[in-house]
$ cat run-v2.txt   # compact mmCIF, C-alpha atoms and all ligand atoms
# COMPACT_ATOMS: atom_id res chain seq x y z
CA MET A 1 72.23 164.52 75.40
CA ILE A 2 68.91 166.36 75.91
CA ASN A 3 66.58 165.20 78.72
CA ILE A 4 62.92 165.50 77.78
CA LEU A 5 60.38 165.00 80.55
CA PHE A 6 56.85 163.89 79.62
CA SER A 7 54.45 165.20 82.26
CA ALA A 8 50.83 164.42 81.39
CA GLN A 9 48.30 161.77 82.38
CA PRO A 10 49.66 158.18 82.21
CA ALA A 11 47.26 157.21 79.37
CA ARG A 12 48.71 160.00 77.22
CA TRP A 13 52.25 158.66 77.76
CA GLU A 14 51.41 155.34 76.10
CA GLU A 15 49.69 157.17 73.26
CA PHE A 16 52.44 159.74 72.68
CA ARG A 17 55.64 157.81 73.39
CA PRO A 18 56.04 156.07 70.00
CA HIS A 19 55.16 159.23 68.07
CA LEU A 20 57.56 161.38 70.10
CA HIS A 21 60.39 158.90 69.49
CA THR A 22 59.66 158.89 65.75
CA ALA A 23 59.57 162.69 65.59
CA PHE A 24 62.69 163.19 67.76
CA ASP A 25 64.65 160.63 65.72
CA LYS A 26 63.52 162.29 62.50
CA ALA A 27 64.67 165.67 63.83
CA GLY A 28 68.09 164.15 64.60
CA LEU A 29 67.93 164.92 68.33
CA ASP A 30 70.30 163.24 70.78
CA TYR A 31 67.89 162.74 73.68
CA THR A 32 66.43 160.73 76.51
CA LEU A 33 62.65 160.78 76.91
CA ALA A 34 61.13 159.70 80.23
CA THR A 35 58.40 160.43 82.76
CA GLU A 36 60.91 161.03 85.56
CA PHE A 37 64.25 162.81 85.89
CA PRO A 38 65.91 164.79 88.66
CA PRO A 39 64.28 168.19 87.98
CA GLU A 40 67.55 170.11 87.55
CA GLN A 41 68.54 167.73 84.71
CA VAL A 42 65.45 168.41 82.58
CA ASP A 43 65.96 170.39 79.35
CA TYR A 44 62.37 170.41 78.05
CA ILE A 45 59.00 169.46 79.54
CA VAL A 46 56.20 168.12 77.34
CA TYR A 47 53.41 169.33 79.54
CA ALA A 48 49.73 168.99 80.38
CA PRO A 49 48.31 170.83 83.40
CA ASN A 50 46.57 167.66 84.63
CA GLY A 51 49.89 165.77 84.75
CA PRO A 52 52.12 165.17 87.80
CA VAL A 53 54.21 168.37 87.64
CA THR A 54 52.54 171.46 89.04
CA ASP A 55 55.50 173.14 90.75
CA LEU A 56 57.94 174.13 88.03
CA SER A 57 60.39 175.94 90.32
CA PRO A 58 62.84 172.96 90.70
CA TYR A 59 63.25 172.79 86.90
CA THR A 60 66.02 175.37 86.98
CA ASN A 61 67.74 174.35 83.74
CA THR A 62 64.61 173.77 81.66
CA LYS A 63 64.71 175.69 78.39
CA ALA A 64 60.98 175.49 77.55
CA VAL A 65 57.67 174.04 78.69
CA LEU A 66 55.88 172.62 75.65
CA SER A 67 52.14 172.44 76.24
CA LEU A 68 50.13 169.57 74.79
CA TRP A 69 47.05 171.78 74.99
CA ALA A 70 46.07 174.72 72.78
CA GLY A 71 44.32 176.50 75.66
CA VAL A 72 46.80 177.59 78.32
CA GLU A 73 44.54 179.35 80.83
CA SER A 74 45.35 176.83 83.57
CA ILE A 75 49.14 177.17 83.18
CA VAL A 76 49.64 180.79 82.31
CA ASP A 77 49.00 182.01 85.86
CA ASN A 78 51.24 179.38 87.48
CA LYS A 79 53.62 181.55 89.54
CA THR A 80 56.30 178.82 89.52
CA LEU A 81 56.52 178.97 85.71
CA THR A 82 59.52 181.09 84.79
CA GLN A 83 60.53 179.14 81.67
CA PRO A 84 59.22 180.03 78.17
CA LEU A 85 55.83 178.42 77.54
CA CYS A 86 54.80 177.25 74.06
CA ARG A 87 51.19 176.32 73.37
CA MET A 88 50.04 173.56 71.02
CA VAL A 89 49.31 174.42 67.42
CA ASP A 90 48.85 171.09 65.67
CA HIS A 91 47.43 170.66 62.19
CA GLY A 92 45.62 167.46 63.28
CA LEU A 93 43.90 169.40 66.09
CA THR A 94 43.02 172.17 63.61
CA GLU A 95 41.61 169.72 61.07
CA GLY A 96 39.41 168.15 63.74
CA MET A 97 38.12 171.55 64.84
CA VAL A 98 37.31 172.58 61.25
CA GLU A 99 35.30 169.39 60.77
CA TRP A 100 33.39 169.82 64.05
CA VAL A 101 32.62 173.52 63.48
CA THR A 102 31.60 172.96 59.84
CA GLY A 103 29.34 170.03 60.76
CA HIS A 104 27.55 171.95 63.52
CA THR A 105 27.22 175.08 61.38
CA LEU A 106 25.67 173.07 58.54
CA ARG A 107 23.31 171.34 60.99
CA HIS A 108 21.78 174.69 61.88
CA HIS A 109 22.08 176.28 58.45
CA LEU A 110 20.25 173.42 56.71
CA GLY A 111 17.75 172.86 59.52
CA ILE A 112 18.81 169.23 59.71
CA ASP A 113 17.02 168.62 63.04
CA ARG A 114 13.73 169.83 61.63
CA HIS A 115 13.79 167.49 58.66
CA ILE A 116 15.60 164.46 59.98
CA LEU A 117 15.50 164.30 63.76
CA GLY A 118 12.10 165.90 64.24
CA GLN A 119 10.04 163.98 61.63
CA THR A 120 6.36 164.34 62.44
CA GLY A 121 4.75 163.06 59.24
CA GLU A 122 4.14 166.68 58.29
CA TRP A 123 5.14 167.88 54.77
CA LEU A 124 7.35 170.84 55.80
CA GLU A 125 7.77 173.19 52.85
CA GLY A 126 10.60 175.65 52.28
CA ALA A 127 14.20 175.07 51.29
CA PRO A 128 16.89 176.59 53.52
CA PRO A 129 18.53 179.82 52.35
CA LEU A 130 21.87 179.65 50.60
CA ALA A 131 25.06 179.84 52.65
CA ARG A 132 25.86 183.22 51.15
CA GLU A 133 22.66 184.55 52.72
CA ARG A 134 23.88 183.65 56.23
CA LYS A 135 26.23 185.88 58.18
CA VAL A 136 28.62 183.78 60.22
CA CYS A 137 30.80 185.46 62.83
CA VAL A 138 33.93 183.76 64.12
CA LEU A 139 35.25 185.34 67.31
CA GLY A 140 38.98 184.59 67.44
CA LEU A 141 41.06 184.43 64.29
CA GLY A 142 43.95 182.36 65.60
CA ALA A 143 45.13 178.95 64.43
CA LEU A 144 41.68 177.41 64.86
CA GLY A 145 39.38 180.35 64.13
CA THR A 146 41.17 181.25 60.90
CA ALA A 147 41.01 177.68 59.57
CA CYS A 148 37.29 177.41 60.45
CA ALA A 149 36.52 180.83 58.94
CA GLN A 150 38.31 179.89 55.71
CA GLN A 151 36.45 176.59 55.41
CA LEU A 152 33.09 178.31 55.98
CA ALA A 153 34.01 181.01 53.46
CA ALA A 154 34.85 178.24 50.96
CA LEU A 155 31.28 176.97 51.48
CA ASN A 156 30.10 180.48 50.56
CA PHE A 157 28.94 181.69 53.98
CA ASP A 158 29.23 185.44 54.53
CA VAL A 159 32.03 185.09 57.08
CA HIS A 160 33.17 187.81 59.48
CA GLY A 161 35.98 187.33 61.96
CA TRP A 162 37.20 189.22 65.01
CA SER A 163 40.62 189.31 66.62
CA ARG A 164 42.55 191.51 69.07
CA ARG A 165 44.99 192.80 66.47
CA GLU A 166 44.26 193.76 62.89
CA LYS A 167 44.26 190.78 60.51
CA SER A 168 43.64 189.91 56.93
CA VAL A 169 42.24 186.52 55.94
CA ARG A 170 41.27 185.82 52.35
CA GLY A 171 37.50 185.51 51.91
CA VAL A 172 36.78 186.71 55.46
CA ALA A 173 35.71 190.23 56.52
CA CYS A 174 38.13 190.87 59.37
CA HIS A 175 37.40 193.18 62.32
CA HIS A 176 39.24 194.01 65.51
CA GLY A 177 38.84 196.09 68.65
CA ASP A 178 35.60 197.12 70.39
CA THR A 179 33.84 198.58 67.34
CA GLY A 180 34.96 195.56 65.33
CA LEU A 181 33.21 193.31 67.84
CA SER A 182 29.85 195.00 67.38
CA THR A 183 30.29 195.19 63.59
CA SER A 184 31.03 191.48 63.36
CA LEU A 185 28.18 190.44 65.72
CA THR A 186 25.48 192.75 64.35
CA ASP A 187 22.83 190.69 62.52
CA ALA A 188 25.00 187.54 62.62
CA ASP A 189 23.07 184.29 62.15
CA VAL A 190 25.75 181.92 63.44
CA ILE A 191 28.40 182.82 66.03
CA ILE A 192 31.42 180.59 66.56
CA LEU A 193 33.57 181.16 69.64
CA LEU A 194 37.25 180.34 69.25
CA LEU A 195 38.75 182.82 71.68
CA PRO A 196 41.06 181.86 74.54
CA ASP A 197 39.88 182.15 78.14
CA THR A 198 41.50 185.35 79.45
CA PRO A 199 40.29 188.20 81.69
CA ALA A 200 39.63 190.24 78.51
CA THR A 201 37.38 187.60 76.91
CA ALA A 202 35.35 186.56 79.99
CA ASN A 203 31.57 186.90 79.41
CA ILE A 204 32.12 188.39 75.97
CA ILE A 205 28.79 186.82 75.04
CA ASN A 206 26.41 188.62 77.42
CA ALA A 207 22.98 190.29 77.33
CA GLU A 208 24.37 193.27 75.42
CA THR A 209 26.29 191.36 72.74
CA LEU A 210 23.47 188.80 72.40
CA GLY A 211 21.20 191.75 71.62
CA LEU A 212 23.23 192.53 68.49
CA LEU A 213 22.62 189.17 66.78
CA ALA A 214 19.98 188.41 64.16
CA THR A 215 16.73 187.12 65.67
CA GLY A 216 16.89 183.33 65.76
CA ALA A 217 20.69 183.21 65.72
CA VAL A 218 22.70 180.17 66.79
CA ILE A 219 25.79 180.12 69.02
CA ILE A 220 28.44 177.43 68.68
CA ASN A 221 31.05 177.38 71.45
CA PRO A 222 34.09 175.11 71.11
CA GLY A 223 36.29 177.82 72.72
CA ARG A 224 35.94 177.97 76.50
CA GLY A 225 32.98 178.06 78.94
CA PRO A 226 33.73 181.44 80.58
CA LEU A 227 33.33 183.23 77.21
CA ILE A 228 29.56 183.05 77.79
CA ASP A 229 27.39 184.54 80.53
CA ASP A 230 25.28 181.39 81.03
CA ASP A 231 22.25 183.17 82.55
CA ALA A 232 22.10 185.70 79.70
CA LEU A 233 22.33 182.84 77.19
CA ILE A 234 19.45 180.92 78.77
CA GLN A 235 17.35 184.09 78.88
CA ALA A 236 17.96 184.77 75.17
CA LEU A 237 17.03 181.16 74.32
CA ASP A 238 13.88 181.31 76.45
CA HIS A 239 12.80 184.61 74.89
CA GLY A 240 13.34 183.21 71.40
CA THR A 241 15.88 185.85 70.36
CA LEU A 242 18.38 183.02 70.11
CA ASN A 243 17.36 179.79 68.43
CA HIS A 244 19.98 177.35 69.66
CA ALA A 245 23.31 176.98 71.45
CA THR A 246 25.71 174.14 70.71
CA LEU A 247 28.18 174.04 73.58
CA ASP A 248 31.30 171.89 73.82
CA VAL A 249 32.96 173.67 76.75
CA PHE A 250 31.69 174.80 80.15
CA ARG A 251 32.71 176.71 83.25
CA ILE A 252 32.72 173.40 85.14
CA GLU A 253 33.66 170.20 83.29
CA PRO A 254 32.24 167.61 83.23
CA LEU A 255 29.03 169.69 83.14
CA PRO A 256 27.22 168.96 86.45
CA SER A 257 24.12 166.77 85.97
CA GLU A 258 21.83 169.41 87.53
CA HIS A 259 22.99 172.16 85.14
CA PRO A 260 20.02 173.61 83.15
CA PHE A 261 21.93 173.22 79.85
CA TRP A 262 21.42 169.42 79.92
CA ALA A 263 17.62 169.59 79.83
CA HIS A 264 17.20 172.75 77.78
CA PRO A 265 15.48 171.92 74.48
CA LYS A 266 17.47 174.59 72.64
CA VAL A 267 20.90 173.55 73.93
CA THR A 268 23.12 170.81 72.53
CA VAL A 269 25.81 169.67 74.97
CA THR A 270 28.91 167.91 73.66
CA PRO A 271 31.56 166.74 76.15
CA HIS A 272 34.62 168.85 75.18
CA ILE A 273 35.29 166.72 72.13
CA ALA A 274 35.32 169.36 69.38
CA SER A 275 38.92 168.42 68.74
CA GLU A 276 42.05 167.25 70.50
CA THR A 277 45.80 167.18 70.09
CA ARG A 278 46.76 164.33 67.76
CA PRO A 279 49.90 162.48 68.91
CA SER A 280 51.42 162.02 65.46
CA SER A 281 51.24 165.60 64.16
CA ALA A 282 51.69 167.18 67.62
CA SER A 283 54.94 165.23 68.18
CA GLU A 284 56.39 166.85 65.07
CA VAL A 285 55.58 170.31 66.44
CA ILE A 286 57.24 169.43 69.77
CA ALA A 287 60.32 168.04 67.99
CA GLU A 288 60.60 171.17 65.86
CA ASN A 289 60.48 173.40 68.94
CA ILE A 290 63.19 171.36 70.69
CA ARG A 291 65.32 171.52 67.54
CA ARG A 292 64.85 175.29 67.52
CA GLY A 293 65.74 175.56 71.21
CA GLU A 294 68.95 173.62 70.67
CA ALA A 295 69.84 175.66 67.56
CA GLY A 296 69.23 178.96 69.40
CA GLU A 297 66.31 179.81 67.10
CA PRO A 298 63.10 181.40 68.42
CA PHE A 299 60.40 178.99 69.64
CA LEU A 300 57.16 178.60 67.72
CA HIS A 301 53.81 179.40 69.38
CA LEU A 302 55.30 181.18 72.37
CA VAL A 303 52.63 182.27 74.87
CA ASP A 304 52.38 185.97 75.70
CA ARG A 305 52.00 185.69 79.49
CA ASP A 306 50.64 189.26 79.79
CA ALA A 307 47.93 188.72 77.15
CA GLY A 308 47.19 185.28 78.69
CA TYR A 309 47.33 183.21 75.49
P1 LIG B 1 45.11 181.31 69.12
O1 LIG B 1 45.89 181.84 70.28
O2 LIG B 1 45.83 180.91 67.89
O3 LIG B 1 44.01 182.39 68.69
C1 LIG B 1 43.29 183.14 69.59
C2 LIG B 1 42.52 184.21 68.83
O4 LIG B 1 41.73 184.94 69.76
C3 LIG B 1 43.45 185.21 68.14
O5 LIG B 1 42.92 185.59 66.90
C4 LIG B 1 43.44 186.39 69.10
O6 LIG B 1 43.68 187.64 68.50
C5 LIG B 1 42.01 186.34 69.58
N1 LIG B 1 41.87 187.04 70.86
C6 LIG B 1 42.46 186.77 72.05
N2 LIG B 1 42.11 187.69 72.96
C7 LIG B 1 41.30 188.56 72.34
C8 LIG B 1 40.63 189.74 72.74
N3 LIG B 1 40.72 190.20 73.99
N4 LIG B 1 39.89 190.39 71.83
C9 LIG B 1 39.79 189.94 70.55
N5 LIG B 1 40.41 188.83 70.09
C10 LIG B 1 41.15 188.15 70.99
O7 LIG B 1 44.25 180.10 69.69
P2 LIG B 1 43.68 178.83 68.88
O8 LIG B 1 42.98 179.30 67.67
O9 LIG B 1 44.73 177.81 68.73
O10 LIG B 1 42.64 178.26 69.97
C11 LIG B 1 41.54 179.04 70.41
C12 LIG B 1 40.92 178.39 71.64
O11 LIG B 1 40.22 177.20 71.27
C13 LIG B 1 41.92 177.89 72.68
O12 LIG B 1 42.36 178.94 73.51
C14 LIG B 1 41.10 176.90 73.46
O13 LIG B 1 40.44 177.55 74.51
C15 LIG B 1 40.05 176.40 72.43
N6 LIG B 1 40.21 174.98 72.10
C16 LIG B 1 39.14 174.13 72.28
C17 LIG B 1 39.22 172.79 71.94
C18 LIG B 1 38.03 171.91 72.10
O14 LIG B 1 38.13 170.70 71.85
N7 LIG B 1 36.87 172.42 72.45
C19 LIG B 1 40.45 172.23 71.38
C20 LIG B 1 41.51 173.20 71.23
C21 LIG B 1 41.38 174.51 71.57
P3 LIG B 1 45.09 187.98 67.81
O15 LIG B 1 45.08 187.18 66.50
O16 LIG B 1 45.03 189.43 67.59
O17 LIG B 1 46.15 187.51 68.76

$ encode --input "run-v2.txt" --output "structure tokens" --more "lines below"
Ligand code: NDP
Amino acid sequence: MINILFSAQPARWEEFRPHLHTAFDKAGLDYTLATEFPPEQVDYIVYAPNGPVTDLSPYTNTKAVLSLWAGVESIVDNKTLTQPLCRMVDHGLTEGMVEWVTGHTLRHHLGIDRHILGQTGEWLEGAPPLARERKVCVLGLGALGTACAQQLAALNFDVHGWSRREKSVRGVACHHGDTGLSTSLTDADVIILLLPDTPATANIINAETLGLLATGAVIINPGRGPLIDDDALIQALDHGTLNHATLDVFRIEPLPSEHPFWAHPKVTVTPHIASETRPSSASEVIAENIRRGEAGEPFLHLVDRDAGY
């Protein structure tokens, strides 16, 4: 009998419980699922950092911590975590992110605000350029960045992507390393941030990298707040080098009411809703990882603690 501890916010328990049972039954696991066990009896923890467990040291027999979140920056440095940590890669979460990124990219590409939201009674001439005339740069070619880049490439955008290691994605010009960063950002019209929050990615969008973009470029950030130097971003918006920033994530969340982003006419704030883990599809991923753990097979989506993601 495997003991599976669910440690997340109480509202998530109600949402996830039926889906986890369905997925565990389907995987043929012999298990007990609960929100409390004596720590030394726990085999797996389904985990969110804002749940009740923060000290993982008493979980001496736990075979893996299975994160409900894709971003692991608030767990990866937890000194009490000695067990393997798997992050969430969920096709429902990915689908949601592709829809959000595509929608916000098309908003700026087509100038939707100008023609729909900003109607002035003026006959504004000029059709938007074609997608293939826009360079879109996706920073981060992981589970989410790759899916977004592929969707935008399917719409004919000139898509460039950047990752830490060399990659190949059909329809996407892939770059890596420091020179790859400047190649992918140079003259880009739309920049999409889907990097994790690590020491190596902090402030990757700063005065210098903003200077590489096409004049009037747009930044879309569903990744993490610390990827952007906020002051440099506001300066670029005020000077007109950057046309707009659509931001879903922030250094402090919820975004404080006095933060200049709220009132800035060239900033769209969305409340960290670009996408989220979907209980049905995510439960299948969790079940598969527990099945693998029990069968002695390698876990999926194992976090590299040194790289921080
Ligand atoms: P992955 O770990 O699958 O992908 C991360 C990508 O970033 C990889 O391509 C990786 O390169 C690249 N990367 C990491 N560090 C560097 C670096 N130093 N230089 C260059 N490239 C780097 O993550 P996901 O795609 O699943 O998620 C991305 C982020 O999206 C999450 O970390 C989270 O912060 C955010 N997120 C936001 C949500 C929202 O609602 N706003 C919802 C879910 C996630 P390589 O391929 O070489 O490893």

$ axis_aligned_box --input "run-v2.txt" --around "ligand LIG 1 (chain B)" --padding-each-side "6 Å" --output "JSON"
{"center_x": 41.5, "center_y": 180.5, "center_z": 70.5, "size_x": 21.3, "size_y": 31.7, "size_z": 20.0}

$ atom_distance --input "run-v2.txt" --atom1 "atom CA of Asp158 of chain A" --atom2 "atom CA of Asn203 of chain A"
25.0 Å

$ residues_near_ligand --input "run-v2.txt" --ligand "ligand LIG 1 (chain B)" --cutoff "7 Å" --atoms "all atoms listed in the file" --output "number ranges by chain"
A: 69-72, 89, 93, 97, 139-145, 162-166, 176-177, 194-198, 200-201, 222-224, 248-249, 272-276, 309

$ residues_near_point --input "run-v2.txt" --point "(24.6, 187.9, 77.2)" --cutoff "7 Å" --atoms "all atoms listed in the file" --output "list in words"
Ile205, Asn206, Ala207, Glu208, Thr209, Leu210, Ile228, Asp229, Ala232 and Leu233 of chain A

$ closest_residue --input "run-v2.txt" --among "A:Cys86, A:Ile286, A:Val65, A:Leu33" --to "Ile45 of chain A" --atoms "only C-alpha atoms"
A:Val65

$ atom_distance --input "run-v2.txt" --atom1 "atom CA of Thr120 of chain A" --atom2 "atom CA of Ala217 of chain A"
23.9 Å

$ closest_residue --input "run-v2.txt" --among "A:Cys137, A:Leu213, A:Ala8, A:Leu227" --to "Ile191 of chain A" --atoms "all atoms listed in the file"
A:Cys137

$ atom_distance --input "run-v2.txt" --atom1 "atom CA of Leu247 of chain A" --atom2 "atom CA of Leu193 of chain A"
9.8 Å

$ closest_residue --input "run-v2.txt" --among "A:Val42, A:Leu255, A:Val285, A:Val303" --to "Gly92 of chain A" --atoms "only C-alpha atoms"
A:Val285

$ residues_near_point --input "run-v2.txt" --point "(17.5, 177.7, 52.0)" --cutoff "12 Å" --atoms "all atoms listed in the file" --output "list in words"
Leu106, His108, His109, Leu110, Gly111, Ile112, Glu125, Gly126, Ala127, Pro128, Pro129, Leu130, Ala131, Arg132, Glu133 and Arg134 of chain A

$ closest_residue --input "run-v2.txt" --among "A:Phe157, A:Ile4, A:Ser168, A:Asp187" --to "Leu20 of chain A" --atoms "only C-alpha atoms"
A:Ile4

$ closest_residue --input "run-v2.txt" --among "A:Tyr44, A:Phe250, A:Trp123, A:Phe299" --to "Thr32 of chain A" --atoms "all atoms listed in the file"
A:Tyr44

$ residues_around --input "run-v2.txt" --residues "Thr60 of chain A" --least-positions-apart "3" --cutoff "10 Å" --atoms "only C-alpha atoms" --output "number ranges by chain"
A: 39-43, 56-57, 63, 82-83

$ write_last_selection --input "run-v2.txt" --atoms "C-alpha atoms" --output "PDB file, keeping the file's coordinate frame"
ATOM      1  CA  PRO A  39      64.280 168.190  87.980  1.00  0.00           C
ATOM      2  CA  GLU A  40      67.550 170.110  87.550  1.00  0.00           C
ATOM      3  CA  GLN A  41      68.540 167.730  84.710  1.00  0.00           C
ATOM      4  CA  VAL A  42      65.450 168.410  82.580  1.00  0.00           C
ATOM      5  CA  ASP A  43      65.960 170.390  79.350  1.00  0.00           C
ATOM      6  CA  LEU A  56      57.940 174.130  88.030  1.00  0.00           C
ATOM      7  CA  SER A  57      60.390 175.940  90.320  1.00  0.00           C
ATOM      8  CA  LYS A  63      64.710 175.690  78.390  1.00  0.00           C
ATOM      9  CA  THR A  82      59.520 181.090  84.790  1.00  0.00           C
ATOM     10  CA  GLN A  83      60.530 179.140  81.670  1.00  0.00           C
TER      11      GLN A  83
END

$ residues_around --input "run-v2.txt" --residues "Asn50 of chain A" --least-positions-apart "3" --cutoff "9 Å" --atoms "only C-alpha atoms" --output "PyMOL selection string"
chain A and resi 7-9+47+53-54

$ closest_residue --input "run-v2.txt" --among "A:Gln119, A:Ser67, A:Thr35, A:Asn156" --to "Asp90 of chain A" --atoms "only C-alpha atoms"
A:Ser67

$ residues_around --input "run-v2.txt" --residues "His175 of chain A" --least-positions-apart "3" --cutoff "8 Å" --atoms "all atoms listed in the file" --output "PyMOL selection string"
chain A and resi 160-163+166-167+180-181+183-184
